[in-house]
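Containing mmCIF, C-alpha atoms: work_13.cif.
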data_protein
loop_
_atom_site.label_atom_id
_atom_site.label_comp_id
_atom_site.auth_asym_id
_atom_site.auth_seq_id
_atom_site.Cartn_x
_atom_site.Cartn_y
_atom_site.Cartn_z
CA MET A 1 86.72 127.75 93.69
CA ASN A 2 87.26 127.72 89.92
CA ARG A 3 85.53 131.10 89.68
CA ALA A 4 87.85 132.55 92.35
CA ILE A 5 90.89 131.27 90.42
CA ALA A 6 89.56 132.91 87.24
CA TYR A 7 89.14 136.17 89.16
CA ALA A 8 92.77 136.02 90.35
CA LEU A 9 94.18 135.31 86.88
CA ALA A 10 92.04 138.02 85.25
CA SER A 11 93.20 140.46 87.93
CA ALA A 12 96.81 139.55 87.13
CA LEU A 13 96.22 140.08 83.41
CA LEU A 14 94.83 143.58 83.88
CA PHE A 15 97.44 144.69 86.41
CA GLY A 16 100.32 143.13 84.47
CA ALA A 17 99.32 145.06 81.37
CA SER A 18 99.13 148.34 83.32
CA THR A 19 102.85 148.44 84.21
CA PRO A 20 104.32 148.89 80.69
CA LEU A 21 101.42 151.17 79.77
CA ALA A 22 102.10 153.38 82.80
CA LYS A 23 105.78 153.39 81.86
CA GLN A 24 104.88 154.87 78.46
CA LEU A 25 102.91 157.67 80.15
CA LEU A 26 105.83 158.74 82.37
CA ASP A 27 107.22 160.74 79.44
CA GLN A 28 104.18 163.06 79.70
CA VAL A 29 103.06 162.83 83.33
CA PRO A 30 105.26 163.19 86.49
CA PRO A 31 105.47 160.00 88.60
CA LEU A 32 103.49 161.03 91.68
CA LEU A 33 100.79 162.71 89.59
CA LEU A 34 100.59 159.65 87.34
CA GLY A 35 99.96 157.46 90.39
CA GLY A 36 97.21 159.85 91.45
CA LEU A 37 95.55 159.81 88.03
CA LEU A 38 95.68 156.02 87.87
CA TYR A 39 93.80 155.78 91.15
CA LEU A 40 91.42 158.63 90.35
CA GLY A 41 90.37 156.76 87.22
CA ALA A 42 89.81 153.62 89.27
CA GLY A 43 87.95 155.37 92.08
CA LEU A 44 85.66 157.58 90.03
CA GLY A 45 84.83 154.84 87.53
CA LEU A 46 84.05 152.14 90.08
CA LEU A 47 82.07 154.34 92.48
CA LEU A 48 79.99 155.74 89.62
CA TYR A 49 79.24 152.22 88.42
CA ARG A 50 78.34 151.19 91.99
CA LEU A 51 75.85 154.07 92.31
CA LEU A 52 74.26 153.07 89.00
CA ARG A 53 74.19 149.39 89.95
CA ASP A 54 72.53 150.00 93.33
CA ARG A 55 70.43 152.94 92.08
CA GLY A 56 71.84 155.13 94.82
CA TRP A 57 73.89 154.71 98.00
CA ARG A 58 73.99 151.31 99.71
CA HIS A 59 75.89 150.34 102.84
CA PRO A 60 79.04 148.41 101.83
CA GLY A 61 78.82 145.87 104.66
CA LEU A 62 81.80 147.20 106.67
CA GLN A 63 81.41 147.07 110.44
CA GLY A 64 83.40 148.57 113.34
CA ARG A 65 87.11 147.88 112.99
CA ASP A 66 86.65 147.03 109.28
CA TRP A 67 86.88 150.75 108.52
CA GLY A 68 90.28 150.86 110.23
CA TRP A 69 91.56 147.89 108.20
CA LEU A 70 90.37 149.53 104.98
CA GLY A 71 91.87 152.91 105.90
CA ALA A 72 95.25 151.36 106.66
CA ALA A 73 95.17 149.38 103.39
CA ILE A 74 94.43 152.56 101.42
CA ALA A 75 97.23 154.55 103.10
CA ILE A 76 99.89 151.85 102.81
CA GLY A 77 99.02 150.27 99.46
CA GLY A 78 97.15 153.01 97.62
CA VAL A 79 99.27 156.04 98.58
CA LEU A 80 102.72 154.90 99.71
CA GLY A 81 102.95 151.79 97.51
CA THR A 82 101.78 153.46 94.30
CA GLY A 83 104.01 156.50 94.83
CA ALA A 84 107.02 154.22 95.33
CA LEU A 85 106.18 152.28 92.13
CA MET A 86 105.84 155.41 89.99
CA PHE A 87 109.22 156.78 91.11
CA GLY A 88 110.72 153.30 90.75
CA LEU A 89 109.36 153.04 87.21
CA GLN A 90 111.02 156.34 86.32
CA LEU A 91 114.39 154.88 87.32
CA SER A 92 113.89 151.38 85.87
CA SER A 93 112.94 149.76 82.59
CA ALA A 94 109.35 148.58 82.22
CA ALA A 95 110.49 144.97 81.85
CA SER A 96 112.74 144.95 84.93
CA ALA A 97 110.08 146.68 87.03
CA SER A 98 107.51 144.12 85.89
CA LEU A 99 109.82 141.31 86.96
CA LEU A 100 110.46 142.81 90.37
CA LEU A 101 106.69 142.77 90.99
CA ASN A 102 107.15 139.06 91.75
CA LEU A 103 108.23 140.25 95.19
CA GLU A 104 104.64 141.24 95.97
CA ALA A 105 103.54 137.59 95.95
CA VAL A 106 106.52 136.55 98.08
CA PHE A 107 105.96 139.27 100.68
CA THR A 108 102.20 138.67 100.68
CA ALA A 109 102.55 134.92 101.20
CA LEU A 110 105.18 135.32 103.94
CA LEU A 111 103.00 137.79 105.84
CA ALA A 112 99.92 135.58 105.38
CA TRP A 113 101.74 132.47 106.65
CA LEU A 114 103.95 133.95 109.38
CA VAL A 115 101.93 136.91 110.69
CA PHE A 116 98.29 136.12 109.89
CA ARG A 117 98.71 132.33 110.34
CA GLU A 118 97.10 131.27 107.08
CA HIS A 119 97.45 127.57 106.30
CA ALA A 120 100.02 126.56 103.66
CA SER A 121 100.61 123.09 102.21
CA ARG A 122 103.81 121.83 100.60
CA ARG A 123 102.13 121.90 97.21
CA VAL A 124 101.18 125.57 97.59
CA VAL A 125 104.67 126.53 98.79
CA THR A 126 106.28 124.62 95.91
CA GLY A 127 103.98 126.31 93.40
CA MET A 128 104.83 129.72 94.84
CA LEU A 129 108.56 128.95 94.59
CA ALA A 130 108.17 127.87 90.94
CA ILE A 131 106.40 131.11 90.05
CA VAL A 132 109.02 133.23 91.83
CA ALA A 133 111.85 131.21 90.22
CA GLY A 134 110.36 132.08 86.84
CA GLY A 135 110.52 135.77 87.73
CA LEU A 136 114.14 135.46 88.83
CA LEU A 137 115.07 133.79 85.54
CA LEU A 138 113.46 136.63 83.63
CA ALA A 139 115.47 139.13 85.68
CA TRP A 140 118.77 137.37 84.90
CA PRO A 141 121.02 139.85 83.00
CA THR A 142 121.77 138.62 79.48
CA ASP A 143 122.58 141.84 77.59
CA PRO A 144 125.25 144.11 79.15
CA ALA A 145 124.66 146.74 76.47
CA ALA A 146 120.96 146.97 77.33
CA THR A 147 121.83 147.24 81.02
CA ALA A 148 124.20 150.12 80.30
CA ALA A 149 121.57 151.87 78.18
CA ALA A 150 119.00 151.55 80.98
CA ALA A 151 121.47 153.08 83.43
CA ALA A 152 122.06 155.97 81.02
CA THR A 153 118.31 156.53 80.71
CA ALA A 154 117.92 156.52 84.49
CA GLY A 155 120.77 158.99 84.76
CA ALA A 156 119.04 161.34 82.34
CA ALA A 157 115.83 161.12 84.40
CA GLY A 158 117.68 162.42 87.44
CA ALA A 159 119.52 165.22 85.69
CA GLY A 160 119.17 168.55 87.47
CA LEU A 161 118.70 166.98 90.90
CA VAL A 162 122.20 165.71 91.59
CA ALA A 163 125.40 165.21 89.57
CA PRO A 164 124.51 163.02 86.53
CA SER A 165 127.21 160.44 87.24
CA ALA A 166 126.20 160.12 90.88
CA TRP A 167 122.51 159.88 89.97
CA ALA A 168 123.14 157.20 87.36
CA ALA A 169 125.07 155.15 89.92
CA ALA A 170 122.42 155.60 92.60
CA SER A 171 119.52 154.84 90.25
CA ALA A 172 120.96 151.41 89.51
CA TRP A 173 119.81 150.32 92.97
CA LEU A 174 117.33 153.07 93.90
CA GLY A 175 114.82 152.18 91.15
CA PRO A 176 114.62 148.47 92.05
CA LEU A 177 114.57 149.36 95.76
CA LEU A 178 111.55 151.61 95.26
CA VAL A 179 109.74 148.90 93.27
CA ALA A 180 110.54 146.42 96.06
CA LEU A 181 109.18 148.91 98.62
CA ALA A 182 105.97 149.17 96.58
CA CYS A 183 105.69 145.37 96.64
CA LEU A 184 106.07 145.31 100.43
CA CYS A 185 103.41 148.00 100.80
CA TRP A 186 101.03 146.04 98.58
CA ALA A 187 101.74 142.85 100.50
CA ILE A 188 100.66 144.56 103.71
CA ASP A 189 97.71 146.03 101.81
CA ASN A 190 96.67 142.56 100.53
CA ASN A 191 96.64 141.06 104.01
CA LEU A 192 94.72 144.01 105.45
CA THR A 193 92.22 143.91 102.57
CA ARG A 194 91.72 140.21 103.32
CA LYS A 195 90.16 141.33 106.62
CA VAL A 196 87.36 143.14 104.77
CA ALA A 197 87.07 140.95 101.65
CA ALA A 198 83.51 139.91 102.53
CA ALA A 199 82.30 143.51 102.07
CA ASP A 200 81.31 145.05 98.73
CA ALA A 201 84.35 144.67 96.45
CA LEU A 202 83.32 147.66 94.32
CA PHE A 203 83.22 149.91 97.38
CA ILE A 204 86.59 148.64 98.65
CA ALA A 205 88.34 149.21 95.32
CA GLY A 206 86.48 152.43 94.50
CA SER A 207 87.03 154.14 97.86
CA ARG A 208 90.68 153.12 97.84
CA GLY A 209 91.09 154.57 94.35
CA LEU A 210 89.33 157.83 95.16
CA VAL A 211 91.19 158.52 98.43
CA ALA A 212 94.60 157.46 97.10
CA GLY A 213 94.01 159.41 93.89
CA VAL A 214 93.07 162.64 95.64
CA VAL A 215 95.98 162.42 98.11
CA SER A 216 98.63 161.53 95.50
CA SER A 217 97.40 164.06 92.92
CA GLY A 218 97.10 166.78 95.54
CA ALA A 219 100.61 166.11 96.82
CA ALA A 220 102.03 166.14 93.29
CA LEU A 221 100.37 169.46 92.45
CA ALA A 222 101.50 170.97 95.77
CA LEU A 223 105.09 169.96 94.94
CA GLY A 224 104.91 171.84 91.64
CA ALA A 225 103.81 169.19 89.12
CA ALA A 226 101.96 170.58 86.10
CA TRP A 227 98.60 169.10 85.13
CA PRO A 228 99.06 167.13 81.88
CA ALA A 229 97.17 167.62 78.61
CA ALA A 230 93.73 166.05 78.32
CA GLY A 231 94.93 163.10 76.22
CA PRO A 232 97.58 161.75 78.63
CA ALA A 233 95.36 162.48 81.64
CA LEU A 234 92.42 160.52 80.23
CA ALA A 235 94.73 157.72 79.10
CA ALA A 236 96.17 157.46 82.62
CA MET A 237 92.69 157.35 84.17
CA LEU A 238 91.58 154.65 81.73
CA VAL A 239 94.67 152.53 82.49
CA GLY A 240 93.94 153.07 86.18
CA LEU A 241 90.28 152.07 85.85
CA LEU A 242 91.20 148.73 84.26
CA GLY A 243 94.63 147.97 85.75
CA TYR A 244 94.01 149.26 89.27
CA GLY A 245 90.23 149.44 89.65
CA VAL A 246 88.70 146.43 87.90
CA SER A 247 91.85 144.43 88.72
CA LEU A 248 91.44 145.16 92.43
CA VAL A 249 87.74 144.25 92.38
CA LEU A 250 88.64 140.88 90.87
CA PHE A 251 91.47 140.42 93.37
CA VAL A 252 89.15 141.10 96.33
CA LEU A 253 86.75 138.48 94.94
CA ALA A 254 89.69 136.08 94.66
CA LEU A 255 90.74 136.83 98.25
CA ARG A 256 87.22 136.02 99.37
CA GLY A 257 87.34 132.59 97.73
CA LEU A 258 91.01 131.57 97.97
CA GLY A 259 92.65 133.33 100.90
CA THR A 260 95.58 135.73 100.72
CA ALA A 261 98.55 133.51 99.86
CA ARG A 262 96.82 131.48 97.15
CA ALA A 263 95.19 134.48 95.48
CA SER A 264 98.59 136.22 95.47
CA ALA A 265 100.25 133.17 93.93
CA TYR A 266 97.90 133.30 90.94
CA PHE A 267 98.33 137.08 90.84
CA ALA A 268 102.11 136.54 90.67
CA THR A 269 101.71 135.74 86.97
CA ALA A 270 101.16 139.50 86.43
CA PRO A 271 104.89 140.26 86.03
CA PHE A 272 105.18 137.69 83.24
CA ILE A 273 102.26 139.34 81.48
CA GLY A 274 103.88 142.75 81.98
CA VAL A 275 107.17 141.57 80.54
CA ALA A 276 105.49 139.95 77.53
CA LEU A 277 103.61 143.16 76.77
CA SER A 278 106.79 145.22 77.27
CA LEU A 279 108.57 143.03 74.72
CA LEU A 280 105.72 143.47 72.25
CA LEU A 281 105.49 147.25 72.70
CA LEU A 282 109.25 147.78 72.51
CA GLY A 283 109.86 145.22 69.78
CA GLU A 284 112.48 143.31 71.76
CA ALA A 285 113.39 139.70 71.00
CA THR A 286 112.68 136.90 73.47
CA THR A 287 115.33 134.50 74.79
CA TRP A 288 115.21 130.89 75.96
CA LEU A 289 115.18 132.23 79.54
CA PHE A 290 111.88 133.97 78.83
CA TRP A 291 110.19 130.73 77.75
CA LEU A 292 111.76 128.71 80.57
CA ALA A 293 110.44 131.28 83.03
CA GLY A 294 106.98 131.00 81.50
CA LEU A 295 107.14 127.21 81.86
CA LEU A 296 108.05 127.52 85.56
CA MET A 297 105.20 129.94 86.18
CA ALA A 298 102.77 127.64 84.37
CA ALA A 299 103.99 124.74 86.54
CA GLY A 300 103.44 126.83 89.66
CA VAL A 301 99.88 127.66 88.64
CA TRP A 302 99.25 123.97 87.84
CA LEU A 303 100.46 122.96 91.34
CA HIS A 304 97.98 125.40 92.86
CA LEU A 305 95.16 124.23 90.62
CA GLY A 306 95.72 120.65 91.78
CA GLU A 307 95.61 121.44 95.50
CA ARG A 308 93.11 119.37 97.48
CA HIS A 309 92.72 120.25 101.15
CA ALA A 310 90.00 118.59 103.24
CA HIS A 311 89.56 117.71 106.91
CA LEU A 312 86.95 117.87 109.67
CA HIS A 313 86.67 121.50 110.76
CA GLN A 314 84.33 123.64 112.84
CA HIS A 315 82.73 126.96 111.90
CA GLU A 316 82.08 129.34 114.76
CA ALA A 317 78.98 131.56 114.82
CA GLN A 318 79.51 134.58 112.56
CA GLU A 319 77.49 137.52 111.23
CA HIS A 320 78.38 139.52 108.11
CA GLU A 321 77.17 140.67 104.69
CA HIS A 322 78.49 139.57 101.30
CA TRP A 323 77.42 138.09 97.98
CA HIS A 324 76.56 134.41 98.38
CA GLN A 325 74.46 131.51 97.18
CA HIS A 326 72.65 128.92 99.27
CA ASP A 327 75.50 126.44 99.56
CA ALA A 328 76.52 124.27 102.52
CA HIS A 329 77.59 127.38 104.45
CA HIS A 330 74.47 129.45 103.74
CA GLN A 331 71.35 127.61 104.87
CA HIS A 332 69.74 130.59 106.61
CA THR A 333 66.15 131.73 106.19
CA HIS A 334 64.91 135.00 104.69
CA GLU A 335 62.20 137.38 105.75
CA GLY A 336 58.86 136.33 104.31
CA GLY A 337 60.19 132.84 103.62
CA ALA A 338 61.38 133.67 100.08
CA ARG A 339 64.84 132.43 99.05
CA PRO A 340 66.13 134.62 96.19
CA GLU A 341 68.22 132.61 93.74
CA SER A 342 70.25 133.75 90.77
CA PRO A 343 73.45 132.57 89.05
CA LEU A 344 75.32 135.51 90.60
CA GLY A 345 73.87 135.02 94.08
CA HIS A 346 72.53 137.77 96.34
CA ARG A 347 73.70 139.78 99.34
CA HIS A 348 72.25 140.71 102.71
CA TRP A 349 73.20 140.66 106.39
CA HIS A 350 73.08 137.05 107.60
CA ARG A 351 74.17 134.84 110.48
CA HIS A 352 76.14 131.59 110.33
CA GLU A 353 75.25 129.11 113.03
CA PRO A 354 78.02 126.83 114.42
CA LEU A 355 78.72 123.98 112.00
CA THR A 356 81.12 121.04 111.92
CA HIS A 357 81.73 119.16 108.66
CA ARG A 358 84.35 117.94 106.20
CA HIS A 359 84.85 119.00 102.57
CA PRO A 360 87.62 120.37 100.28
CA HIS A 361 88.23 124.06 101.00
CA TYR A 362 90.65 126.97 100.79
CA PRO A 363 91.35 129.49 103.60
CA ASP A 364 88.53 131.68 102.28
CA THR A 365 86.13 133.99 104.10
CA HIS A 366 84.46 131.06 105.89
CA HIS A 367 87.55 128.94 106.59
CA GLN A 368 89.93 130.85 108.85
CA HIS A 369 90.34 128.01 111.34
CA ARG A 370 93.62 126.75 112.81
CA HIS A 371 95.34 123.57 111.67
#

What does this structure look like when you write it as structure tokens?
Amino acid sequence: MNRAIAYALASALLFGASTPLAKQLLDQVPPLLLGGLLYLGAGLGLLLYRLLRDRGWRHPGLQGRDWGWLGAAIAIGGVLGTGALMFGLQLSSAASASLLLNLEAVFTALLAWLVFREHASRRVVTGMLAIVAGGLLLAWPTDPAATAAAAATAGAAGAGLVAPSAWAAASAWLGPLLVALACLCWAIDNNLTRKVAAADALFIAGSRGLVAGVVSSGAALALGAAWPAAGPALAAMLVGLLGYGVSLVLFVLALRGLGTARASAYFATAPFIGVALSLLLLGEATTWLFWLAGLLMAAGVWLHLGERHAHLHQHEAQEHEHWHQHDAHHQHTHEGGARPESPLGHRHWHRHEPLTHRHPHYPDTHHQHRH
């Protein structure tokens, strides 16, 4: 469990840092093409590493309808969500966009609890509310002059499309709306990815990056976008490899061990990281609201860390493939009688026999039971 929490927080760190860095690249790369390059960097880098790791092609462990879940996650989160974020970033400041990313955790948790029926305790809900409250405090307007300057910048970004005054007025709500739409798309994506989290995380993140990157880049070029210089293009792909690729691999591993809502709660610290980096890059001063928000987010993470959930539950028979060790849920035999052991575990197709027991657990890959 502690390892899964570390995965979620590391994923948040990488993704949170990618938002202000992507904002800096928008001066040299059009929004839709930037989204495509971010995902191309993630897809090409991860799939190349996977081929080297496995010394060739290896089946990712997806079966039947899993391919449909993955395809839907790629289309909604990788293509639609990323495109919405890039256009939203163009019309918003990096800091405000980073703060609005708190909505992803809210939407993800609501879908997990209400639609996918994932268990939620009062402690988890309270922790989620504390993290979101921190994001709302950060978004509280404290500098009217800065707000006016951001509106002027957004107006300049839309010049040539509509009347500047009309565009500036529309961008005040259109930018945040697009970022919120991206968060909703990613929330759906997170819950769909949860369905295939037991498969190879490198394949999930790499295939998503490659498909989303090709579609978004192709669409941008078809709409007249010019390919950027080598420097900005490579920088975008590197940001994408770390902030979208490696971050997603870690998030899938967190989903596998924590469930959707809890992994997303830890991931909700990403906006705070994005804001902090934005302040450092832009040289802005912090306010007492910034530190109070950080305290609330830290309290939310602490509430999640202290969760203890245990009861008698039954595991139904199940067959799948994923990385695992021989714990209480993996007491199967291997061909030839050998039981490979390593600190990182091993992976192969295996069967879980029905099992009833009691122990502390999260709604992870092996604990999707009703309460």

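Taking only C-alpha atoms into account, A:Arg65 lies nearest to A:Val196 out of the set A:Leu250, A:Val275, A:Leu234, A:Val196.
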
For this session: Calculate how many Å separate atom CA of A:Gly43 from atom CA of A:Ala182, rounding to one decimal.
Result: 19.6 Å

Given the point (103.7, 132.3, 99.1) in the file's coordinates, find the residues that have an atom at most 9 Å from it, counting all atoms listed in the file, and give them as a JSON list (two decimals) with C-alpha atoms, in the frame of the given file.
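Output below, filename part-v2.json:
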[["chain", "number", "residue", "atom", "x", "y", "z"],
["A", 105, "ALA", "CA", 103.54, 137.59, 95.95],
["A", 106, "VAL", "CA", 106.52, 136.55, 98.08],
["A", 107, "PHE", "CA", 105.96, 139.27, 100.68],
["A", 108, "THR", "CA", 102.20, 138.67, 100.68],
["A", 109, "ALA", "CA", 102.55, 134.92, 101.20],
["A", 110, "LEU", "CA", 105.18, 135.32, 103.94],
["A", 111, "LEU", "CA", 103.00, 137.79, 105.84],
["A", 112, "ALA", "CA", 99.92, 135.58, 105.38],
["A", 113, "TRP", "CA", 101.74, 132.47, 106.65],
["A", 120, "ALA", "CA", 100.02, 126.56, 103.66],
["A", 124, "VAL", "CA", 101.18, 125.57, 97.59],
["A", 125, "VAL", "CA", 104.67, 126.53, 98.79],
["A", 126, "THR", "CA", 106.28, 124.62, 95.91],
["A", 127, "GLY", "CA", 103.98, 126.31, 93.40],
["A", 128, "MET", "CA", 104.83, 129.72, 94.84],
["A", 129, "LEU", "CA", 108.56, 128.95, 94.59],
["A", 260, "THR", "CA", 95.58, 135.73, 100.72],
["A", 261, "ALA", "CA", 98.55, 133.51, 99.86],
["A", 262, "ARG", "CA", 96.82, 131.48, 97.15],
["A", 264, "SER", "CA", 98.59, 136.22, 95.47],
["A", 265, "ALA", "CA", 100.25, 133.17, 93.93]]

Problem set entry | Answer key for the PyMOL selection byres ((chain A and resi 71) around 10), residues as a list in words |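 On the file shown, the PyMOL selection byres ((chain A and resi 71) around 10) covers Arg65, Asp66, Trp67, Gly68, Trp69, Leu70, Ala72, Ala73, Ile74, Ala75, Ile76, Gly77, Gly78, Asp189, Leu192, Thr193, Ile204, Ser207, Arg208 and Val211 of chain A.
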
Dump as CSV the rows for residues of stretch 43-138 of chain A within 9 Å of stretch 286-299 of chain A: closest atom pair and distance in Å with one decimal, only C-alpha atoms counted, ordered by chain and rising residue number.
residue,atom,partner,partner_atom,distance
A:Gly127,CA,A:Ala299,CA,7.0
A:Met128,CA,A:Met297,CA,8.7
A:Ala130,CA,A:Leu296,CA,5.4
A:Ile131,CA,A:Met297,CA,4.2
A:Val132,CA,A:Met297,CA,7.6
A:Ala133,CA,A:Leu296,CA,7.1
A:Gly134,CA,A:Ala293,CA,3.9
A:Gly135,CA,A:Ala293,CA,6.5
A:Leu136,CA,A:Ala293,CA,8.0
A:Leu137,CA,A:Ala293,CA,5.8
A:Leu138,CA,A:Phe290,CA,5.7

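Our summary of the geometry notes that atom CA of A:Asn190 is positioned 29.7 Å from atom CA of A:Leu280.
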
Exercise. Looking at all atoms listed in the file, which of A:Leu279, A:Leu174, A:Arg351, A:Ala205 is the one that sits closest to A:Ser247?
Worked result: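 Under the stated criterion, the closest residue is A:Ala205.
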